[in-house]
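**Student:** Okay, so here is protein-v4.tsv, and as you'll see once you scroll down, it has TSV, C-alpha atoms.
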```
chain	number	residue	atom	x	y	z
A	25	MET	CA	8.78	11.76	11.42
A	26	ALA	CA	11.28	9.19	12.47
A	27	ARG	CA	9.47	6.21	13.82
A	28	ALA	CA	10.75	2.83	14.94
A	29	VAL	CA	8.73	-0.15	16.12
A	30	VAL	CA	10.07	-2.91	18.35
A	31	THR	CA	8.24	-6.18	18.98
A	32	LEU	CA	9.26	-8.66	21.66
A	33	PRO	CA	7.47	-10.76	24.29
A	34	ALA	CA	6.58	-8.80	27.45
A	35	GLN	CA	7.61	-11.74	29.62
A	36	ALA	CA	9.66	-14.90	29.20
A	37	LYS	CA	11.00	-17.86	31.17
A	38	ARG	CA	14.61	-17.71	32.32
A	39	GLY	CA	16.86	-19.26	29.66
A	40	GLU	CA	14.15	-19.06	26.98
A	41	ILE	CA	15.18	-17.97	23.48
A	42	ILE	CA	13.09	-14.96	22.44
A	43	GLU	CA	12.73	-13.33	19.04
A	44	ILE	CA	13.02	-9.55	18.72
A	45	LYS	CA	11.78	-7.74	15.61
A	46	THR	CA	12.55	-4.11	14.83
A	47	LEU	CA	11.34	-1.89	12.05
A	48	ALA	CA	12.77	1.59	11.48
A	49	GLN	CA	11.20	4.19	9.23
A	50	HIS	CA	13.96	5.42	6.94
A	51	ALA	CA	14.32	6.13	3.19
A	52	MET	CA	17.84	4.59	3.02
A	53	GLU	CA	18.88	6.87	0.15
A	54	THR	CA	21.88	5.13	-1.41
A	55	GLY	CA	23.89	8.14	-2.59
A	56	PHE	CA	24.23	6.59	-6.04
A	57	ARG	CA	20.98	7.86	-7.54
A	58	ARG	CA	20.67	11.05	-9.56
A	59	THR	CA	17.84	13.52	-10.11
A	60	GLN	CA	16.32	14.08	-13.55
A	61	THR	CA	18.76	16.94	-14.05
A	62	GLY	CA	21.75	14.72	-13.27
A	63	ASP	CA	22.57	15.92	-9.77
A	64	LEU	CA	23.67	13.27	-7.31
A	65	ILE	CA	21.20	12.71	-4.47
A	66	PRO	CA	23.34	12.71	-1.30
A	67	ARG	CA	23.58	9.54	0.72
A	68	ASP	CA	21.20	9.35	3.68
A	69	ILE	CA	21.22	5.96	5.39
A	70	ILE	CA	21.13	4.40	8.83
A	71	ARG	CA	24.71	3.39	9.56
A	72	ARG	CA	24.46	1.41	12.77
A	73	PHE	CA	21.90	-0.41	14.87
A	74	THR	CA	22.66	-1.57	18.40
A	75	CYS	CA	20.66	-3.37	21.06
A	76	THR	CA	21.70	-3.50	24.70
A	77	TYR	CA	20.12	-5.74	27.35
A	78	ASN	CA	20.55	-4.20	30.81
A	79	GLY	CA	23.60	-2.33	29.51
A	80	THR	CA	25.24	-5.28	27.74
A	81	GLU	CA	25.43	-5.10	23.97
A	82	ILE	CA	23.69	-8.17	22.50
A	83	CYS	CA	23.33	-7.18	18.86
A	84	ARG	CA	25.09	-4.73	16.54
A	85	VAL	CA	24.43	-4.28	12.83
A	86	ASP	CA	26.33	-2.12	10.35
A	87	LEU	CA	24.06	-0.95	7.54
A	88	HIS	CA	25.18	-0.10	4.02
A	89	PRO	CA	23.69	1.64	0.96
A	90	ALA	CA	22.32	-1.57	-0.61
A	91	ILE	CA	19.91	-2.17	2.28
A	92	ALA	CA	16.24	-1.50	1.52
A	93	ALA	CA	14.17	1.34	2.92
A	94	ASN	CA	12.49	0.86	6.32
A	95	PRO	CA	14.95	-1.87	7.35
A	96	LEU	CA	13.58	-4.81	9.30
A	97	ILE	CA	16.11	-6.27	11.73
A	98	ALA	CA	15.11	-9.43	13.59
A	99	PHE	CA	17.30	-11.45	15.94
A	100	ASN	CA	17.15	-13.86	18.86
A	101	THR	CA	18.51	-13.61	22.37
A	102	VAL	CA	18.33	-15.59	25.59
A	103	ALA	CA	16.11	-14.11	28.29
A	104	THR	CA	18.46	-13.99	31.29
A	105	GLU	CA	16.97	-11.45	33.71
A	106	SER	CA	14.22	-8.86	34.03
A	107	GLY	CA	15.08	-5.37	32.91
A	108	THR	CA	15.12	-3.22	29.82
A	109	LEU	CA	16.30	-3.56	26.24
A	110	THR	CA	17.51	-0.39	24.56
A	111	PHE	CA	17.48	-0.14	20.79
A	112	GLN	CA	19.33	2.58	18.93
A	113	TRP	CA	19.53	3.47	15.26
A	114	VAL	CA	22.17	6.03	14.21
A	115	GLY	CA	22.64	7.40	10.70
A	116	ASP	CA	23.56	10.21	8.32
A	117	ASN	CA	22.38	13.79	8.84
A	118	GLY	CA	22.11	13.42	12.58
A	119	TYR	CA	19.52	10.64	12.45
A	120	SER	CA	19.20	9.01	15.84
A	121	VAL	CA	16.26	7.08	17.25
A	122	THR	CA	16.13	5.26	20.58
A	123	GLU	CA	13.45	2.85	21.74
A	124	ILE	CA	13.26	1.21	25.14
A	125	ALA	CA	11.30	-1.97	25.90
A	126	PRO	CA	10.87	-3.68	29.27
A	127	ILE	CA	10.99	-7.45	29.74
A	128	ARG	CA	9.98	-9.58	32.73
A	129	VAL	CA	11.87	-12.83	33.21
A	130	GLU	CA	10.65	-15.49	35.66
B	17	MET	CA	8.69	-26.08	-24.39
B	18	SER	CA	10.50	-23.65	-26.69
B	19	LEU	CA	8.10	-24.49	-29.51
B	20	ARG	CA	5.06	-23.92	-27.31
B	21	SER	CA	6.29	-20.63	-25.93
B	22	GLY	CA	7.00	-19.54	-29.49
B	23	VAL	CA	3.50	-20.37	-30.66
B	24	ARG	CA	1.59	-18.66	-27.88
B	25	PRO	CA	2.42	-14.99	-28.70
B	26	LEU	CA	1.45	-15.68	-32.30
B	27	ALA	CA	-1.90	-17.01	-31.21
B	28	VAL	CA	-2.45	-13.94	-29.03
B	29	ALA	CA	-1.50	-11.65	-31.90
B	30	ALA	CA	-3.89	-13.45	-34.20
B	31	ALA	CA	-6.69	-13.18	-31.67
B	32	CYS	CA	-6.05	-9.44	-31.28
B	33	PHE	CA	-6.12	-9.09	-35.03
B	34	LEU	CA	-9.51	-10.79	-35.20
B	35	PHE	CA	-10.89	-8.47	-32.53
B	36	ASP	CA	-9.69	-5.52	-34.55
B	37	LEU	CA	-11.24	-6.90	-37.71
B	38	ALA	CA	-14.57	-7.33	-35.99
B	39	GLY	CA	-14.32	-3.68	-35.02
B	40	THR	CA	-16.19	-4.23	-31.77
B	41	ALA	CA	-15.12	-3.47	-28.24
B	42	ALA	CA	-13.99	-6.97	-27.36
B	43	THR	CA	-15.42	-7.24	-23.86
B	44	ALA	CA	-13.46	-9.84	-21.97
B	45	ALA	CA	-15.22	-12.38	-19.85
B	46	GLU	CA	-15.40	-11.36	-16.20
B	47	ILE	CA	-13.69	-13.58	-13.66
B	48	PRO	CA	-16.27	-15.77	-11.87
B	49	SER	CA	-16.44	-15.04	-8.13
B	50	GLU	CA	-15.09	-18.48	-7.12
B	51	GLN	CA	-11.96	-17.86	-9.23
B	52	ARG	CA	-11.27	-14.41	-7.82
B	53	ARG	CA	-7.88	-14.13	-6.13
B	54	SER	CA	-6.27	-11.33	-4.24
B	55	GLY	CA	-2.76	-10.45	-5.39
B	56	TYR	CA	-1.76	-11.80	-1.98
B	57	GLU	CA	-2.33	-15.37	-3.15
B	58	LEU	CA	0.02	-14.90	-6.11
B	59	MET	CA	2.90	-13.62	-3.93
B	60	ALA	CA	5.93	-15.50	-2.69
B	61	PRO	CA	5.55	-16.96	0.82
B	62	GLU	CA	8.27	-14.57	2.10
B	63	THR	CA	6.33	-11.51	0.91
B	64	ARG	CA	3.12	-12.89	2.43
B	65	ALA	CA	4.92	-13.32	5.74
B	66	ILE	CA	5.95	-9.65	5.73
B	67	GLN	CA	2.31	-8.61	5.27
B	68	ASP	CA	0.87	-11.05	7.79
B	69	ASP	CA	2.85	-9.84	10.82
B	70	ASP	CA	2.24	-6.27	11.99
B	71	ALA	CA	5.73	-6.38	13.53
B	72	THR	CA	7.30	-6.77	10.08
B	73	ASN	CA	4.77	-5.04	7.81
B	74	PRO	CA	6.37	-1.69	6.92
B	75	GLY	CA	2.93	-0.31	6.03
B	76	MET	CA	2.24	-0.22	9.77
B	77	LEU	CA	4.72	2.68	10.07
B	78	TRP	CA	2.31	4.77	7.99
B	79	VAL	CA	-0.69	3.50	9.95
B	80	LEU	CA	0.97	4.66	13.18
B	81	ASP	CA	1.74	8.05	11.60
B	82	GLY	CA	-1.91	8.20	10.52
B	83	GLU	CA	-3.05	7.50	14.07
B	84	ALA	CA	-0.97	10.47	15.28
B	85	LEU	CA	-2.45	12.72	12.57
B	86	TRP	CA	-5.97	11.53	13.44
B	87	ASN	CA	-5.54	12.92	16.95
B	88	ARG	CA	-3.71	16.13	15.96
B	89	LYS	CA	-5.66	19.39	15.69
B	90	ALA	CA	-5.44	21.03	12.26
B	91	GLY	CA	-6.78	24.06	10.39
B	92	SER	CA	-8.38	27.29	11.56
B	93	ALA	CA	-11.25	25.35	13.16
B	94	GLY	CA	-8.67	23.86	15.54
B	95	ARG	CA	-10.24	20.43	15.36
B	96	ALA	CA	-8.75	16.97	15.02
B	97	CYS	CA	-10.41	14.09	13.16
B	98	ALA	CA	-10.91	12.48	16.58
B	99	ASP	CA	-12.88	15.51	17.88
B	100	CYS	CA	-15.79	14.64	15.56
B	101	HIS	CA	-15.27	10.97	14.75
B	102	GLY	CA	-13.93	9.78	18.12
B	103	ASP	CA	-12.21	6.43	18.16
B	104	ALA	CA	-11.41	5.49	14.57
B	105	ARG	CA	-11.43	1.81	15.46
B	106	ALA	CA	-15.20	2.07	15.86
B	107	SER	CA	-16.20	5.03	13.69
B	108	MET	CA	-14.08	4.19	10.64
B	109	LYS	CA	-14.81	0.48	10.61
B	110	GLY	CA	-16.01	-0.51	7.15
B	111	VAL	CA	-15.58	2.96	5.64
B	112	ALA	CA	-12.80	1.94	3.23
B	113	ALA	CA	-14.84	-1.08	2.14
B	114	ARG	CA	-17.62	1.28	0.93
B	115	HIS	CA	-15.49	3.77	-1.01
B	116	PRO	CA	-15.56	5.25	-3.62
B	117	ALA	CA	-18.96	6.43	-2.34
B	118	PHE	CA	-21.47	8.92	-3.73
B	119	ASP	CA	-21.01	12.48	-2.51
B	120	PRO	CA	-24.25	14.49	-2.93
B	121	ALA	CA	-22.35	17.81	-2.76
B	122	ARG	CA	-20.24	16.93	-5.78
B	123	GLY	CA	-22.88	14.84	-7.52
B	124	ARG	CA	-20.39	12.01	-8.12
B	125	PRO	CA	-18.47	9.29	-6.27
B	126	VAL	CA	-15.38	10.29	-4.27
B	127	ASN	CA	-12.59	8.02	-3.12
B	128	LEU	CA	-11.25	7.80	0.42
B	129	GLU	CA	-8.48	10.37	-0.20
B	130	GLN	CA	-11.00	12.88	-1.56
B	131	ARG	CA	-13.34	12.21	1.34
B	132	ILE	CA	-10.56	12.92	3.85
B	133	ASN	CA	-9.61	16.13	2.04
B	134	ALA	CA	-13.26	17.26	1.85
B	135	CYS	CA	-13.52	16.77	5.61
B	136	ARG	CA	-10.31	18.77	6.09
B	137	ALA	CA	-11.59	21.65	3.96
B	138	GLU	CA	-15.14	21.79	5.31
B	139	ARG	CA	-14.83	20.79	8.97
B	140	GLN	CA	-11.24	21.54	9.91
B	141	LYS	CA	-10.88	24.59	7.61
B	142	ALA	CA	-7.46	23.26	6.70
B	143	ALA	CA	-5.62	23.17	3.39
B	144	PRO	CA	-6.18	19.91	1.52
B	145	LEU	CA	-3.31	17.43	1.64
B	146	ALA	CA	-1.52	16.81	-1.64
B	147	TYR	CA	-2.24	13.53	-3.36
B	148	GLU	CA	0.46	10.95	-2.56
B	149	SER	CA	1.85	13.14	0.23
B	150	LYS	CA	3.10	11.27	3.25
B	151	GLU	CA	0.33	12.77	5.43
B	152	LEU	CA	-2.55	11.84	3.12
B	153	LEU	CA	-1.19	8.31	2.65
B	154	ALA	CA	-0.80	7.92	6.41
B	155	LEU	CA	-4.34	9.12	7.20
B	156	THR	CA	-5.83	7.01	4.41
B	157	ALA	CA	-3.90	3.95	5.58
B	158	TYR	CA	-5.05	4.50	9.16
B	159	VAL	CA	-8.70	4.84	8.14
B	160	ALA	CA	-8.54	1.89	5.72
B	161	ARG	CA	-6.77	-0.26	8.34
B	162	GLN	CA	-9.97	-0.15	10.40
B	163	SER	CA	-11.72	-2.15	7.65
B	164	ARG	CA	-9.15	-4.95	7.51
B	165	GLY	CA	-10.89	-8.29	7.11
B	166	LEU	CA	-14.24	-6.77	6.08
B	167	PRO	CA	-15.76	-7.52	2.65
B	168	ILE	CA	-15.59	-4.87	-0.06
B	169	GLU	CA	-19.11	-3.57	-0.76
B	170	PRO	CA	-19.39	-0.29	-2.66
B	171	ALA	CA	-22.99	0.92	-2.82
B	172	ILE	CA	-24.24	0.61	-6.39
B	173	ASP	CA	-27.55	2.38	-6.99
B	174	ALA	CA	-29.15	4.68	-9.53
B	175	ARG	CA	-26.80	7.51	-8.55
B	176	THR	CA	-23.53	5.59	-8.80
B	177	ARG	CA	-24.36	3.23	-11.66
B	178	PRO	CA	-23.46	5.68	-14.48
B	179	PHE	CA	-20.00	6.14	-12.92
B	180	LEU	CA	-19.59	2.39	-12.49
B	181	GLU	CA	-20.40	1.94	-16.18
B	182	ALA	CA	-17.90	4.68	-17.08
B	183	GLY	CA	-15.26	2.83	-15.07
B	184	ARG	CA	-16.13	-0.44	-16.77
B	185	GLU	CA	-15.80	1.27	-20.15
B	186	THR	CA	-12.32	2.54	-19.20
B	187	PHE	CA	-11.32	-0.94	-18.00
B	188	ASN	CA	-12.32	-2.54	-21.31
B	189	ARG	CA	-11.11	0.26	-23.62
B	190	ARG	CA	-7.90	-0.27	-25.55
B	191	GLN	CA	-5.57	2.67	-25.09
B	192	GLY	CA	-1.99	3.80	-25.39
B	193	GLN	CA	0.66	3.08	-27.99
B	194	LEU	CA	0.54	-0.63	-27.09
B	195	ASN	CA	-3.24	-0.55	-27.67
B	196	LEU	CA	-4.06	-2.64	-24.62
B	197	SER	CA	-7.00	-2.55	-22.24
B	198	CYS	CA	-6.87	-3.37	-18.54
B	199	ALA	CA	-9.09	-6.41	-19.23
B	200	LEU	CA	-6.68	-7.97	-21.74
B	201	CYS	CA	-4.16	-8.58	-18.97
B	202	HIS	CA	-6.19	-8.71	-15.78
B	203	ASP	CA	-9.30	-10.59	-16.97
B	204	ASP	CA	-7.90	-12.71	-19.80
B	205	ASN	CA	-4.29	-13.45	-18.80
B	206	TRP	CA	-4.07	-13.29	-15.02
B	207	GLY	CA	-1.73	-15.84	-13.49
B	208	LYS	CA	0.58	-15.77	-16.52
B	209	HIS	CA	3.81	-13.85	-16.55
B	210	LEU	CA	4.69	-10.41	-17.85
B	211	ALA	CA	8.47	-10.54	-17.93
B	212	GLY	CA	9.31	-11.99	-14.49
B	213	SER	CA	6.15	-10.84	-12.72
B	214	VAL	CA	2.87	-12.69	-12.28
B	215	ILE	CA	-0.09	-10.79	-13.75
B	216	PRO	CA	-2.58	-10.34	-10.88
B	217	GLN	CA	-6.34	-9.99	-11.24
B	218	ALA	CA	-6.16	-6.31	-10.27
B	219	HIS	CA	-8.36	-6.39	-7.19
B	220	PRO	CA	-7.65	-3.28	-5.07
B	221	THR	CA	-7.94	-5.11	-1.75
B	222	GLY	CA	-5.07	-3.59	0.19
B	223	TYR	CA	-4.63	0.09	-0.72
B	224	PRO	CA	-2.84	2.16	0.24
B	225	LEU	CA	-0.22	-0.58	0.14
B	226	TYR	CA	3.51	-1.01	0.57
B	227	ARG	CA	5.20	-2.02	-2.65
B	228	LEU	CA	8.70	-3.39	-2.31
B	229	GLU	CA	9.44	-1.87	-5.72
B	230	TRP	CA	8.38	1.56	-4.46
B	231	GLN	CA	10.18	1.17	-1.15
B	232	GLY	CA	7.19	2.91	0.32
B	233	LEU	CA	3.43	3.23	0.59
B	234	GLY	CA	1.38	4.26	-2.44
B	235	SER	CA	-2.25	4.79	-3.44
B	236	LEU	CA	-4.33	2.86	-5.96
B	237	GLN	CA	-4.06	5.79	-8.35
B	238	ARG	CA	-0.27	5.60	-8.23
B	239	ARG	CA	-0.59	1.94	-9.22
B	240	LEU	CA	-3.05	2.83	-12.03
B	241	ARG	CA	-0.64	5.49	-13.32
B	242	ASN	CA	2.15	2.85	-13.38
B	243	CYS	CA	0.00	0.55	-15.52
B	244	LEU	CA	-1.00	3.36	-17.90
B	245	THR	CA	2.63	4.40	-18.30
B	246	GLY	CA	3.45	0.75	-19.01
B	247	ILE	CA	1.04	0.61	-21.95
B	248	ARG	CA	2.26	4.08	-23.02
B	249	ALA	CA	-1.13	5.71	-22.59
B	250	GLN	CA	-1.85	9.27	-21.52
B	251	VAL	CA	-1.93	9.43	-17.73
B	252	PRO	CA	-4.66	11.55	-16.07
B	253	ASP	CA	-3.77	13.69	-13.04
B	254	PHE	CA	-4.11	12.34	-9.52
B	255	GLY	CA	-7.72	12.61	-8.40
B	256	ALA	CA	-9.09	12.78	-11.98
B	257	ALA	CA	-12.75	11.77	-12.37
B	258	GLU	CA	-11.74	9.01	-14.80
B	259	PHE	CA	-9.54	7.45	-12.11
B	260	VAL	CA	-12.26	7.56	-9.46
B	261	ASP	CA	-14.75	5.91	-11.85
B	262	LEU	CA	-12.18	3.20	-12.54
B	263	GLU	CA	-11.56	2.78	-8.79
B	264	LEU	CA	-15.32	2.36	-8.29
B	265	PHE	CA	-15.46	-0.29	-11.01
B	266	LEU	CA	-12.43	-2.13	-9.59
B	267	MET	CA	-13.93	-2.15	-6.09
B	268	TRP	CA	-17.27	-3.39	-7.46
B	269	ARG	CA	-15.36	-6.06	-9.43
B	270	ALA	CA	-13.67	-7.12	-6.15
B	271	ARG	CA	-16.93	-7.04	-4.15
B	272	GLY	CA	-16.99	-9.58	-1.36
B	273	MET	CA	-13.19	-9.82	-1.14
B	274	LYS	CA	-11.61	-8.81	2.13
B	275	ILE	CA	-9.74	-5.56	2.80
B	276	GLU	CA	-6.04	-6.19	3.60
B	277	THR	CA	-4.79	-2.63	4.24
B	278	PRO	CA	-1.90	-2.06	4.61
B	279	ALA	CA	-1.05	-4.83	2.14
B	280	VAL	CA	2.47	-5.62	0.93
B	281	ARG	CA	3.12	-6.35	-2.73
B	282	PRO	CA	6.29	-7.04	-4.71
```
As structure tokens, what does this structure read like?
**Tutor:**
Amino acid sequence: MARAVVTLPAQAKRGEIIEIKTLAQHAMETGFRRTQTGDLIPRDIIRRFTCTYNGTEICRVDLHPAIAANPLIAFNTVATESGTLTFQWVGDNGYSVTEIAPIRVE
Amino acid sequence: MSLRSGVRPLAVAAACFLFDLAGTAATAAEIPSEQRRSGYELMAPETRAIQDDDATNPGMLWVLDGEALWNRKAGSAGRACADCHGDARASMKGVAARHPAFDPARGRPVNLEQRINACRAERQKAAPLAYESKELLALTAYVARQSRGLPIEPAIDARTRPFLEAGRETFNRRQGQLNLSCALCHDDNWGKHLAGSVIPQAHPTGYPLYRLEWQGLGSLQRRLRNCLTGIRAQVPDFGAAEFVDLELFLMWRARGMKIETPAVRP
């Protein structure tokens, strides 16, 4: 199960600063840990998070092994026009999750 | 300050020595209800903020998984939880606040995980979910979430009282190589520090909960196993009767406090 949750206001006034919170379900295995028998546990992390607002990239985050499991990424943006925000998390072992959220701007 | 902090362990050691001399089970004083505190109140404001907002509480990821499992058909009976129980928001309200509850079939109290697995075996004809598996944690979290904000009230009557007393005995019994009881920390020394961590009162208000240390969701029994390992005691298996009795005692001890599932703890 690869789940991601996005929270943002459904509508906003034009020019208003809105907060967007995202939570992705991921173990973020560092690649530095070993099993009890000494074998290295392979790295398995989310490498990149991007958010586009009507096709324009408004936020990009590079993630690294020291970031905790189930990373919470929160950021602000200015509500400019109605449309959709697309959120994408891409990582090791073919991990890819996309969430789409609509917003109405008046 | 350095003098005081040097004196205190000596005083504790002397007190322990006196208890041993007396040769009695030194039953610690119970915490009066007005002094009872959820571990939530002892957390840093940042950790509280993570728990308070469903948009940031990582435990909600398991609750959402649990909701999907609730509606998914399972077992040879081809039934989902929802086929019998309907909308969990109504039917499961308050259930977690009453568990562990007496199960007439087994003749003893069962916790929420065991109740879910009994339902799976008897009604869904499905294999029981392993303790601490992602699925069982998710379903338990989803069911317990429906009791958030409700007061803990396990039913104590003639049938459950012997198990409550067994749990109380376990709580007050010294065990392990460090020869400590649960009560010595959680009744007598709550609010003080054990290394860098505040000792909480051990009220199971938010299980299953997300521990930042675990980087994931875990059950009350996982937490109990951590504590037992810490005092270097023998650790019973998941689902052991001794654990369920202790869970019942802890819930009774926290009676009236509000369910926080899914809680977040450091």
**Student:** Using all atoms listed in the file, which of the listed residues (A:Ile69, A:Ala92, A:Val114, A:Ile127) sits closest to chain B?
**Tutor:**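 Nearest to chain B: A:Ala92.
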**Student:** Would you mind telling me which residue in A:Pro126, A:Pro89, A:Pro66, A:Gly55 lies nearest to Ala103 (chain A) when using all atoms listed in the file?
**Tutor:**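 Closest to Ala103 (chain A) of all the choices is A:Pro126.
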**Student:** Taking only C-alpha atoms into account, name the residue in B:Gln67, B:Gln250, B:Gln162, B:Ser92 that is nearest to Ala113 (chain B).
**Tutor:**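 Checking each candidate against Ala113 (chain B), we get B:Gln162 as the closest.
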**Student:** Calculated over only C-alpha atoms, which of the candidates B:Pro116, B:Pro167, B:Gly232, B:Pro61 has the smallest distance to chain A?
**Tutor:**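 Closest to chain A of all the choices is B:Gly232.
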**Student:** List the spatial neighbours of Lys150 (chain B) as an MDAnalysis selection string - criterion: any atom at most 10 Å away, only C-alpha atoms, same-chain residues fewer than 4 positions off excluded.
**Tutor:** (chainID A and resid 25) or (chainID B and resid 78 81:82 145:146 154:156 232:234)
**Student:** Show me, as a list in words, the residues of chain B whose atoms get within 12 Å of chain A, using all atoms listed in the file for the distance check.
**Tutor:**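 Residues passing the distance filter: Ile66, Asp69, Asp70, Ala71, Thr72, Asn73, Pro74, Gly75, Met76, Leu77, Trp78, Val79, Leu80, Asp81, Gly82, Ala84, Leu85, Lys150, Glu151, Ala154, Tyr226, Arg227, Leu228, Glu229, Trp230, Gln231, Gly232 and Leu233 of chain B.
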